[in-house]
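Coordinates as given in final05.txt (compact mmCIF, C-alpha atoms):
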```txt
# COMPACT_ATOMS: atom_id res chain seq x y z
CA MET N 2 58.46 1.40 -52.20
CA VAL N 3 60.50 -1.79 -52.39
CA GLN N 4 61.45 -1.41 -48.75
CA PHE N 5 57.79 -0.96 -47.77
CA ILE N 6 56.82 -4.16 -49.62
CA LYS N 7 59.63 -6.03 -47.83
CA TRP N 8 58.36 -4.64 -44.53
CA LEU N 9 54.80 -5.87 -45.25
CA ARG N 10 56.09 -9.35 -46.16
CA SER N 11 58.11 -9.57 -42.96
CA ARG N 12 55.01 -8.79 -40.95
CA ARG N 13 52.37 -10.59 -42.96
CA LYS N 14 51.40 -12.89 -40.10
CA VAL N 15 50.66 -9.93 -37.85
CA LEU N 16 48.72 -8.20 -40.58
CA THR N 17 46.74 -11.36 -41.28
CA ILE N 18 45.72 -11.58 -37.63
CA VAL N 19 44.73 -7.89 -37.57
CA LEU N 20 42.64 -8.27 -40.72
CA PHE N 21 40.96 -11.40 -39.32
CA LEU N 22 40.10 -9.64 -36.03
CA GLY N 23 38.72 -6.68 -37.95
CA PHE N 24 36.56 -9.00 -40.03
CA MET N 25 35.21 -10.77 -36.88
CA TYR N 26 34.47 -7.44 -35.21
CA SER N 27 32.48 -6.33 -38.27
CA VAL N 28 30.47 -9.56 -38.16
CA MET N 29 29.73 -9.03 -34.44
CA LEU N 30 28.52 -5.51 -35.11
CA LEU N 31 26.19 -6.76 -37.81
CA ILE N 32 24.74 -9.47 -35.50
CA ARG N 33 24.32 -7.05 -32.65
CA GLY N 34 22.58 -4.54 -34.89
CA SER N 35 20.21 -7.26 -36.03
CA ASP N 36 19.47 -8.23 -32.40
CA ILE N 37 18.76 -4.65 -31.45
CA THR N 38 16.46 -4.26 -34.42
CA ASP N 39 14.62 -7.45 -33.43
CA ALA N 40 14.39 -6.29 -29.82
CA ILE N 41 12.92 -2.95 -30.85
CA HIS N 42 10.50 -4.71 -33.15
CA SER N 43 9.49 -7.16 -30.39
CA SER N 44 9.06 -4.33 -27.92
CA SER N 45 6.85 -2.43 -30.33
CA ILE N 46 4.78 -5.56 -30.91
CA ALA N 47 4.43 -6.11 -27.16
CA ASN N 48 3.38 -2.52 -26.64
CA GLU N 49 0.94 -2.77 -29.54
CA GLU N 50 -0.54 -5.96 -28.06
CA ARG N 51 -0.87 -4.22 -24.71
CA ARG N 52 -2.67 -1.32 -26.32
CA ASN N 53 -4.85 -3.73 -28.26
CA ALA N 54 -5.71 -5.59 -25.07
CA SER N 55 -6.84 -2.40 -23.41
CA THR N 56 -8.68 -1.17 -26.51
CA LEU N 57 -10.39 -4.49 -27.10
CA TYR N 58 -11.35 -4.74 -23.46
CA LEU N 59 -12.92 -1.30 -23.48
CA ALA N 60 -14.65 -2.13 -26.74
CA SER N 61 -15.97 -5.46 -25.44
CA SER N 62 -17.27 -3.91 -22.21
CA SER N 63 -19.26 -1.35 -24.20
CA GLY N 64 -20.68 -3.88 -26.66
CA ILE N 65 -18.45 -2.76 -29.60
CA ARG N 66 -16.31 -5.15 -31.70
CA ARG N 67 -13.40 -3.91 -33.78
CA ASN N 68 -11.98 -5.83 -36.77
CA ASN N 69 -13.96 -8.92 -35.68
CA PHE N 70 -11.44 -9.57 -32.89
CA THR N 71 -12.16 -10.54 -29.29
CA LEU N 72 -9.91 -10.65 -26.24
CA LYS N 73 -9.29 -14.36 -26.82
CA ASN N 74 -7.22 -13.45 -29.86
CA ILE N 75 -4.51 -11.84 -27.77
CA LEU N 76 -4.98 -12.81 -24.13
CA PRO N 77 -4.10 -16.17 -22.52
CA ASP N 78 -6.94 -18.62 -21.99
CA ASN N 79 -6.62 -18.39 -18.21
CA LEU N 80 -6.89 -14.57 -18.17
CA THR N 81 -10.35 -13.55 -17.03
CA VAL N 82 -11.61 -10.28 -18.48
CA ILE N 83 -11.70 -7.52 -15.86
CA GLU N 84 -15.15 -6.04 -15.65
CA GLU N 85 -15.70 -2.31 -15.44
CA ARG N 86 -12.00 -1.63 -15.84
CA PRO N 87 -11.33 2.14 -15.72
CA SER N 88 -9.73 3.55 -18.83
CA ILE N 89 -6.16 4.77 -18.53
CA MET N 90 -5.59 5.31 -22.23
CA LYS N 91 -6.74 8.92 -22.28
CA ASN N 92 -3.59 10.97 -22.80
CA GLY N 93 -1.75 9.65 -19.73
CA ARG N 94 -1.16 12.33 -17.16
CA ALA N 95 -3.31 14.77 -19.09
CA ASN N 96 -6.30 12.60 -18.20
CA ILE N 97 -6.47 14.20 -14.77
CA SER N 98 -9.59 16.30 -15.21
CA LYS N 99 -9.58 20.07 -15.18
CA ARG N 100 -12.30 20.11 -12.59
CA PHE N 101 -9.97 18.27 -10.22
CA HIS N 102 -7.75 21.33 -10.24
CA GLY N 103 -10.70 23.53 -9.44
CA LYS N 104 -10.88 25.23 -12.85
CA ASP N 105 -14.51 24.30 -13.47
CA LEU N 106 -16.43 27.02 -11.67
CA ALA N 107 -19.70 25.13 -12.05
CA ASN N 108 -18.23 22.21 -10.08
CA PRO N 109 -15.66 23.70 -7.69
CA ALA N 110 -12.99 21.58 -6.04
CA TYR N 111 -11.55 21.94 -2.56
CA THR N 112 -9.01 20.16 -0.40
CA ILE N 113 -10.11 17.37 1.95
CA ALA N 114 -9.58 19.71 4.91
CA GLU N 115 -11.79 22.37 3.33
CA TRP N 116 -14.58 19.86 2.64
CA LYS N 117 -14.39 18.74 6.28
CA VAL N 118 -14.90 22.31 7.43
CA LYS N 119 -17.90 22.64 5.11
CA ALA N 120 -19.40 19.44 6.51
CA ARG N 121 -18.88 20.66 10.06
CA GLU N 122 -20.31 24.11 9.45
CA ASN N 123 -23.05 23.31 6.93
CA ASN N 124 -25.67 20.95 8.36
CA GLN N 125 -27.35 20.53 4.96
CA PHE N 126 -24.11 19.26 3.46
CA LEU N 127 -23.54 16.96 6.44
CA GLN N 128 -27.03 15.50 6.01
CA GLU N 129 -26.28 14.89 2.34
CA ILE N 130 -23.19 12.94 3.40
CA LEU N 131 -25.17 10.92 5.95
CA SER N 132 -27.98 10.19 3.48
CA GLN N 133 -25.65 8.07 1.33
CA SER N 134 -25.83 4.29 1.46
CA TYR N 135 -23.36 2.48 3.71
CA TYR N 136 -22.67 -1.17 4.49
CA HIS N 137 -22.15 -1.02 8.26
CA PRO N 138 -25.27 -0.24 10.34
CA ASP N 139 -23.35 2.21 12.58
CA SER N 140 -21.64 4.10 9.77
CA LYS N 141 -23.86 7.18 9.82
CA LYS N 142 -23.16 7.71 13.50
CA ILE N 143 -19.42 7.14 13.03
CA VAL N 144 -19.20 9.34 9.94
CA SER N 145 -21.03 12.10 11.81
CA ARG N 146 -18.50 11.89 14.62
CA TYR N 147 -15.67 11.90 12.08
CA PHE N 148 -16.73 15.41 11.06
CA LEU N 149 -18.19 16.83 14.29
CA GLY N 150 -16.01 15.20 16.93
CA GLY N 151 -17.42 13.76 20.14
CA ASN N 152 -16.66 12.09 23.43
CA SER N 153 -14.10 9.32 23.41
CA THR N 154 -15.29 5.75 23.76
CA PHE N 155 -12.89 5.23 26.66
CA LEU N 156 -13.30 8.43 28.68
CA GLN N 157 -15.64 7.08 31.35
CA GLN N 158 -14.66 3.42 31.36
CA HIS N 159 -11.70 1.10 31.51
CA GLU N 160 -10.39 -0.17 28.24
CA PRO N 161 -12.38 -3.29 27.31
CA MET N 162 -9.92 -6.13 26.82
CA LYS N 163 -10.49 -9.74 25.89
CA THR N 164 -6.77 -10.55 26.08
CA GLN N 165 -4.42 -9.16 28.69
CA LEU N 166 -1.78 -6.92 27.16
CA LYS N 167 1.79 -8.12 27.41
CA ASN N 168 4.32 -5.92 29.15
CA ASN N 169 8.06 -5.78 29.77
CA TYR N 170 9.15 -6.19 26.18
CA ASP N 171 12.55 -7.88 26.11
CA ILE N 172 14.60 -6.97 23.05
CA ASN N 173 16.76 -10.08 23.61
CA LYS N 174 13.87 -12.56 23.50
CA ASP N 175 10.74 -10.96 22.01
CA LEU N 176 9.86 -9.91 18.46
CA ILE N 177 8.15 -6.71 17.27
CA VAL N 178 6.17 -7.26 14.04
CA PHE N 179 5.30 -4.18 11.98
CA VAL N 180 2.13 -4.53 9.88
CA HIS N 181 2.95 -1.85 7.31
CA ILE N 182 -0.21 -0.43 5.72
CA GLN N 183 0.40 1.50 2.50
CA LYS N 184 0.54 5.30 2.60
CA THR N 185 0.32 5.68 6.38
CA GLY N 186 3.80 7.12 6.88
CA GLY N 187 5.34 3.68 7.31
CA MET N 188 8.44 4.41 5.21
CA TYR N 189 9.18 7.48 7.33
CA LEU N 190 8.73 5.36 10.46
CA ASN N 191 11.08 2.75 9.00
CA GLU N 192 13.72 5.41 8.45
CA ARG N 193 13.38 6.39 12.10
CA PHE N 194 13.85 2.74 13.12
CA ARG N 195 16.94 2.56 10.94
CA LYS N 196 18.62 5.83 11.91
CA ASN N 197 17.02 7.21 15.04
CA LEU N 198 16.54 4.41 17.58
CA LYS N 199 18.78 4.20 20.62
CA LEU N 200 20.06 0.59 20.63
CA ASP N 201 22.67 -1.08 22.82
CA PHE N 202 24.05 -3.07 19.90
CA PRO N 203 25.44 -1.97 16.50
CA CYS N 204 23.11 -1.98 13.52
CA ASN N 205 24.85 -1.31 10.22
CA CYS N 206 22.03 -0.26 7.91
CA LYS N 207 23.78 1.28 4.93
CA LYS N 208 22.44 -1.38 2.57
CA LEU N 209 18.78 -2.40 2.78
CA PRO N 210 17.47 -4.70 4.06
CA CYS N 211 20.27 -4.68 6.60
CA GLY N 212 19.32 -7.73 8.67
CA CYS N 213 19.69 -5.91 11.98
CA LEU N 214 19.81 -8.57 14.73
CA ASN N 215 20.22 -8.12 18.47
CA LYS N 216 23.41 -9.00 20.35
CA HIS N 217 22.29 -12.65 20.56
CA HIS N 218 21.93 -12.72 16.73
CA ARG N 219 18.15 -12.94 16.96
CA MET N 220 15.47 -11.03 15.14
CA TRP N 221 14.01 -8.40 17.47
CA MET N 222 11.93 -6.44 14.93
CA TYR N 223 10.33 -7.52 11.67
CA THR N 224 10.13 -4.52 9.36
CA SER N 225 11.12 -3.91 5.75
CA VAL N 226 14.36 -1.98 6.45
CA PHE N 227 15.67 -4.81 8.63
CA SER N 228 14.01 -7.89 7.12
CA GLY N 229 12.83 -7.04 3.61
CA TRP N 230 9.44 -8.47 2.59
CA PRO N 231 9.75 -12.28 3.05
CA CYS N 232 6.13 -12.55 4.24
CA GLY N 233 4.88 -10.57 1.25
CA LEU N 234 4.91 -6.98 0.09
CA HIS N 235 2.80 -5.08 2.65
CA ALA N 236 1.54 -8.31 4.16
CA ASP N 237 -1.61 -7.93 6.27
CA TRP N 238 -2.36 -9.13 9.82
CA THR N 239 -3.70 -12.48 8.60
CA GLN N 240 -0.74 -13.18 6.37
CA MET N 241 1.77 -12.15 9.02
CA HIS N 242 0.37 -14.57 11.58
CA SER N 243 0.84 -17.50 9.24
CA CYS N 244 4.38 -16.48 8.25
CA ILE N 245 6.23 -14.89 11.16
CA PRO N 246 6.75 -17.86 13.54
CA GLN N 247 8.47 -20.02 10.88
CA LEU N 248 10.46 -17.05 9.59
CA ALA N 249 11.69 -16.14 13.08
CA ASP N 250 12.83 -19.73 13.70
CA LYS N 251 14.71 -19.69 10.41
CA VAL N 252 16.47 -16.38 11.10
CA ASP N 253 17.26 -17.24 14.72
CA LYS N 254 18.37 -20.74 13.67
CA GLU N 255 16.42 -22.27 16.50
CA HIS N 256 12.85 -23.21 17.35
CA ARG N 257 11.77 -21.57 20.59
CA GLU N 258 8.89 -19.89 22.34
CA ARG N 259 8.81 -16.14 21.88
CA ARG N 260 6.34 -13.31 22.41
CA TYR N 261 5.15 -11.36 19.38
CA PHE N 262 4.40 -7.67 19.72
CA TYR N 263 2.39 -6.71 16.64
CA MET N 264 2.25 -3.03 15.77
CA THR N 265 0.99 -0.80 12.96
CA GLN N 266 0.50 2.82 11.97
CA LEU N 267 -2.72 4.46 10.79
CA ARG N 268 -3.67 7.64 9.00
CA ASP N 269 -6.74 9.73 8.26
CA PRO N 270 -8.67 7.48 5.81
CA LEU N 271 -9.47 10.14 3.20
CA ASP N 272 -5.90 11.46 3.13
CA ARG N 273 -4.56 7.91 2.93
CA TYR N 274 -6.81 7.06 -0.04
CA ILE N 275 -5.83 10.22 -1.94
CA SER N 276 -2.17 9.48 -1.25
CA GLU N 277 -2.52 5.95 -2.66
CA TRP N 278 -4.23 7.30 -5.76
CA LYS N 279 -1.42 9.82 -6.35
CA HIS N 280 1.16 7.09 -5.74
CA GLN N 281 -0.33 4.90 -8.48
CA ALA N 282 -0.97 7.84 -10.81
CA ARG N 283 2.81 8.44 -10.72
CA GLY N 284 3.31 4.92 -12.10
CA ASN N 285 3.97 3.09 -8.81
CA HIS N 286 2.02 0.04 -7.69
CA TRP N 287 2.04 -3.06 -5.48
CA GLU N 288 1.24 -5.63 -8.14
CA ASP N 289 4.03 -7.84 -6.79
CA SER N 290 1.98 -8.39 -3.64
CA PHE N 291 0.46 -11.79 -2.98
CA TYR N 292 -2.40 -12.56 -0.63
CA ILE N 293 -2.39 -15.64 1.61
CA CYS N 294 -5.25 -16.61 3.88
CA ALA N 295 -6.07 -19.92 5.58
CA GLY N 296 -2.97 -21.46 4.04
CA GLY N 297 -3.90 -20.67 0.43
CA HIS N 298 -3.32 -17.92 -2.11
CA ALA N 299 -6.15 -15.66 -3.21
CA GLU N 300 -7.25 -16.62 -6.72
CA TRP N 301 -7.55 -14.39 -9.77
CA GLY N 302 -11.33 -14.38 -9.54
CA GLN N 303 -11.11 -13.04 -5.98
CA VAL N 304 -8.36 -10.39 -6.15
CA ARG N 305 -7.84 -8.87 -9.61
CA PRO N 306 -5.69 -5.97 -10.81
CA CYS N 307 -7.33 -2.74 -11.93
CA PHE N 308 -5.10 -2.34 -14.99
CA LEU N 309 -3.78 -4.57 -17.79
CA THR N 310 -0.76 -2.41 -18.64
CA ASP N 311 2.57 -2.17 -16.80
CA ASN N 312 1.23 0.44 -14.40
CA TRP N 313 -1.62 2.85 -13.82
CA ARG N 314 0.30 6.02 -14.63
CA GLY N 315 -1.91 9.04 -15.24
CA VAL N 316 -5.08 7.44 -13.86
CA SER N 317 -7.68 10.02 -12.87
CA LEU N 318 -9.25 9.99 -9.43
CA ASP N 319 -12.64 9.15 -10.94
CA ASP N 320 -11.26 6.10 -12.74
CA PHE N 321 -9.29 5.07 -9.66
CA MET N 322 -12.49 5.10 -7.59
CA LYS N 323 -14.53 3.27 -10.23
CA CYS N 324 -12.49 0.06 -10.10
CA LYS N 325 -14.43 -2.30 -7.84
CA TYR N 326 -11.34 -4.52 -7.47
CA ASN N 327 -9.28 -1.67 -6.00
CA LEU N 328 -7.73 -2.80 -2.70
CA ALA N 329 -7.29 0.84 -1.69
CA THR N 330 -10.95 0.65 -0.65
CA ASN N 331 -11.10 0.17 3.14
CA GLN N 332 -7.43 -0.78 3.07
CA MET N 333 -6.76 -0.28 6.79
CA ALA N 334 -9.79 -2.31 7.93
CA ARG N 335 -8.92 -5.19 5.58
CA MET N 336 -5.26 -5.32 6.56
CA LEU N 337 -5.96 -5.27 10.31
CA ALA N 338 -8.83 -7.76 10.33
CA ASP N 339 -8.56 -11.53 10.70
CA LEU N 340 -9.71 -12.37 7.18
CA GLU N 341 -10.29 -16.03 8.01
CA ARG N 342 -13.38 -14.96 9.94
CA SER N 343 -14.92 -13.66 6.72
CA ASN N 344 -13.89 -16.66 4.58
CA CYS N 345 -10.77 -14.91 3.35
CA TYR N 346 -11.29 -13.57 -0.18
CA GLU N 347 -14.26 -15.81 -0.98
CA HIS N 348 -17.03 -13.77 -2.66
CA PHE N 349 -14.77 -10.76 -2.09
CA HIS N 350 -16.47 -8.44 -4.58
CA GLU N 351 -20.00 -9.78 -4.47
CA GLU N 352 -22.43 -7.14 -3.28
CA LYS N 353 -24.63 -9.42 -1.17
CA TYR N 354 -21.72 -10.37 1.10
CA LYS N 355 -20.45 -6.83 1.74
CA ARG N 356 -22.75 -5.98 4.64
CA GLN N 357 -21.79 -9.11 6.54
CA ARG N 358 -18.12 -8.56 5.78
CA ALA N 359 -18.35 -4.93 6.96
CA LEU N 360 -19.41 -6.07 10.43
CA GLN N 361 -16.73 -8.77 10.55
CA TRP N 362 -13.89 -6.55 9.37
CA VAL N 363 -14.64 -3.66 11.72
CA SER N 364 -15.13 -5.91 14.74
CA SER N 365 -11.99 -7.95 14.04
CA ALA N 366 -9.81 -4.92 13.23
CA LYS N 367 -10.84 -3.25 16.50
CA GLU N 368 -10.10 -6.41 18.45
CA ASN N 369 -6.66 -6.74 16.85
CA LEU N 370 -5.88 -3.09 17.54
CA ARG N 371 -6.80 -3.61 21.19
CA SER N 372 -4.44 -6.58 21.33
CA MET N 373 -1.54 -4.46 20.03
CA GLU N 374 0.48 -3.00 22.86
CA TYR N 375 1.55 -0.22 20.51
CA PHE N 376 0.24 1.36 17.34
CA GLY N 377 0.89 4.83 16.00
CA MET N 378 -1.07 7.55 14.22
CA MET N 379 0.63 9.47 11.43
CA ASN N 380 -0.98 12.77 12.47
CA GLN N 381 -0.27 12.29 16.21
CA PRO N 382 3.51 11.75 16.27
CA GLU N 383 4.16 12.93 19.85
CA GLN N 384 1.54 10.65 21.38
CA SER N 385 2.72 7.79 19.19
CA ASP N 386 6.34 8.24 20.34
CA LYS N 387 5.19 8.44 23.94
CA LEU N 388 3.35 5.13 23.69
CA PHE N 389 6.25 3.51 21.77
CA SER N 390 8.71 4.36 24.55
CA LYS N 391 6.25 3.22 27.23
CA VAL N 392 5.62 -0.18 25.63
CA TYR N 393 9.07 -1.12 24.33
CA SER N 394 11.37 0.82 26.67
CA LEU N 395 13.06 2.14 23.54
CA GLU N 396 13.61 5.79 22.72
CA PHE N 397 14.21 7.74 19.56
CA LYS N 398 17.23 10.04 19.42
CA SER N 399 15.05 12.94 18.31
CA LYS N 400 11.35 13.77 18.07
CA SER N 401 9.33 13.02 15.00
CA VAL N 402 8.99 16.06 12.79
CA GLY N 403 5.79 14.68 11.34
CA LYS N 404 5.27 14.06 7.66
CA THR N 405 3.63 16.38 5.15
CA THR N 406 2.39 15.01 1.85
CA GLY N 407 0.90 16.26 -1.38
CA SER N 408 -2.46 14.70 -0.51
CA SER N 409 -3.20 17.60 1.84
CA THR N 410 -3.19 20.05 -1.08
CA SER N 411 -5.04 17.85 -3.58
CA ARG N 412 -8.43 19.18 -4.59
CA VAL N 413 -11.53 17.08 -5.17
CA THR N 414 -15.03 17.91 -6.30
CA LYS N 415 -18.12 17.46 -4.15
CA GLN N 416 -19.12 14.22 -5.88
CA GLN N 417 -15.61 12.87 -5.51
CA PHE N 418 -15.60 13.76 -1.83
CA LEU N 419 -18.94 12.02 -1.25
CA ARG N 420 -17.70 8.92 -3.01
CA LEU N 421 -14.45 8.97 -1.02
CA ILE N 422 -16.42 8.69 2.21
CA GLN N 423 -18.25 5.62 0.93
CA LEU N 424 -15.01 3.97 -0.20
CA THR N 425 -13.33 4.56 3.17
CA GLU N 426 -16.40 3.80 5.30
CA LEU N 427 -14.88 0.91 7.27
CA ASP N 428 -11.51 2.65 7.56
CA ILE N 429 -13.30 5.56 9.25
CA HIS N 430 -14.66 3.13 11.87
CA VAL N 431 -11.17 1.79 12.55
CA TYR N 432 -9.59 5.24 12.54
CA ILE N 433 -12.05 6.70 15.05
CA PHE N 434 -11.58 3.70 17.35
CA ALA N 435 -7.79 3.88 17.06
CA LYS N 436 -7.79 7.60 17.81
CA ASP N 437 -9.87 6.99 20.94
CA LEU N 438 -7.64 4.13 22.02
CA LEU N 439 -4.43 6.11 21.52
CA ASN N 440 -5.83 9.01 23.54
CA HIS N 441 -6.77 6.53 26.26
CA ARG N 442 -3.36 4.85 26.42
CA ALA N 443 -1.27 8.00 25.90
CA PRO N 444 -3.63 10.73 27.14
CA VAL N 445 -3.32 14.38 26.23
CA SER N 446 -4.46 17.32 28.30
CA ARG N 447 -8.04 17.41 27.05
CA ASN N 448 -11.17 15.37 27.63
CA PHE N 449 -13.07 16.23 24.49
CA LEU N 450 -11.90 15.24 21.07
CA SER N 451 -11.92 17.95 18.49
CA PRO N 452 -13.25 17.22 15.00
CA LEU N 453 -10.93 14.86 13.20
```
Mind turning this structure into structure tokens?
Amino acid sequence: MVQFIKWLRSRRKVLTIVLFLGFMYSVMLLIRGSDITDAIHSSSIANEERRNASTLYLASSSGIRRNNFTLKNILPDNLTVIEERPSIMKNGRANISKRFHGKDLANPAYTIAEWKVKARENNQFLQEILSQSYYHPDSKKIVSRYFLGGNSTFLQQHEPMKTQLKNNYDINKDLIVFVHIQKTGGMYLNERFRKNLKLDFPCNCKKLPCGCLNKHHRMWMYTSVFSGWPCGLHADWTQMHSCIPQLADKVDKEHRERRYFYMTQLRDPLDRYISEWKHQARGNHWEDSFYICAGGHAEWGQVRPCFLTDNWRGVSLDDFMKCKYNLATNQMARMLADLERSNCYEHFHEEKYKRQRALQWVSSAKENLRSMEYFGMMNQPEQSDKLFSKVYSLEFKSKSVGKTTGSSTSRVTKQQFLRLIQLTELDIHVYIFAKDLLNHRAPVSRNFLSPL
């Protein structure tokens, strides 16, 4: 015992240091525990405020007031209340209605393909579709052709062109610009650009975006896998034209004249819309997007989100379609049109301007498609590859295997299907025109288009 006490005395400095460090470590643990507790408490408060915002909004839109509170109690002064916001607070994923899965025998649900067959084979059902209200004066004729098929616009005439198409794309001097429309198979196409293109220079794309430049260290293609999203997440035709020239000069480190080859990819409008709904119902979104037109950003009163929470997870198709601010509506027509012709996003959701805008969007989108040397169709991969090789003198190492998605098996009710056609009205115009134009530029061995 005496020896042990002597040993402790001889090492008292070391023991003092050890005890001091132990004390400091205990203090740190206490502080950290307090921080974690505060963080959990703050998170719960934030979540509660979010729930309150949604609850109070729904209450205010239905004329009900709870606890004498209004939205001004919890929302910033500059936050405008979203009108007619669809509810997403109904049991999350369970909010997808039973009738959507076809379990309600009184209101059966079918796939989009099955409804198309019914419209083609049942004239009464087709007439019901055509009797709906539309914004474009030619929509009934175009919608009829969407279901029944018909002669191509370009079968008996030369392609009408206002601007002569460019040719002889030079990968060393020119720039391909991909206008990537959501849910049209663009990510699959990007993967093919990254892994499957035959290039005469190395392109190390293990980390994205990989900044793939040609052998002169110049940008030869603007697309997300090579360039990221510097012009905006899924930037449209209008936004691209205001951004690309300055961006190309910056990347190339020189100001020079160059030719721009704009391209895009399209998809059946109804399938595309269903795919976007499913994408957002899984909790994904594009709320980081910004919208620039005529040198300015779209304001809150012009382009508003459809949800106040972090995402729209579990949203039902009915609620998704009810949101009048939903940019999924006529997405392809909007993103391909020159929006400056329709005063950008001015009066974007006002009913009295929609008929005029319908004419402007369809006309402009068609014109811009005609000016594109190449565009592809998700459901026509062979023709798309054929035109790609013809225009750019570039080849893929292997053929496209096509892309199958869950939207093809999704079931919708009759009323949902009818509403889908109205919400994709202008996209159907653009899709029919694009299909005709692709068949004209990269013809197949038939002169009569089958139903789409």
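The shortest atom-to-atom distance to N:His256, with all atoms listed in the file taken into account, belongs to N:Arg219 out of N:Asp428, N:Gly187, N:Phe148, N:Arg219.
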* Between N:Asn191, N:Asn215, N:Thr17, N:Ser145, which has the minimum distance to N:Gln128 (counting all atoms listed in the file)? ->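 The answer is N:Ser145, which sits nearest to N:Gln128.
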* Mind checking which residues fall within 10 Å of stretch 224-240 of chain N, counting all atoms listed in the file, ignoring those fewer than 6 positions away in the same chain, and posting them as a ChimeraX atom specification? => /N:177-183,187-188,191-192,194-195,204-206,208-214,248,252,263-265,287-296,332-333,335-341,345,366,369
* Protein and nucleic acid residues near (-6.6, 6.3, 2.2) (cut-off 10 Å, only C-alpha atoms) as a ChimeraX atom specification -> /N:182-185,267-278,329-333,408,421,424-425,428-429
* **Two-atom distance - atom CA of N:Leu438, atom CA of N:Ser401 (Å)** =>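 Here the two named atoms are 20.4 Å from each other.
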* Asked: Which residue gives the smallest distance to N:Trp313 among N:Ala282, N:Leu149, N:Val19, N:Val363, with all atoms listed in the file counted?
  ->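 Using all atoms listed in the file, N:Trp313 sits closest to N:Ala282.
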* **Spatial neighbours of stretch 134-140 of chain N, 9 Å, all atoms listed in the file, chain gap at least 3 places, as a VMD selection string** => chain N and resid 131 143 to 145 355 to 360 363 423 426 to 427 429 to 430
* To do: Compile the contact shell of N:Tyr261 as a PyMOL selection string: residues with an atom at most 12 Å away, counting all atoms listed in the file, same-chain residues fewer than 3 positions apart removed.
  => chain N and resi 166-168+170-172+174-179+220-223+241-242+245-246+249+258+264+372-375
* Atomic separation - atom CA of N:Ser411 relative to atom CA of N:Leu190, Å -> 23.3 Å
* **Length of the atom CA of N:Lys199 to atom CA of N:Leu395 vector [Å]** => 6.7 Å
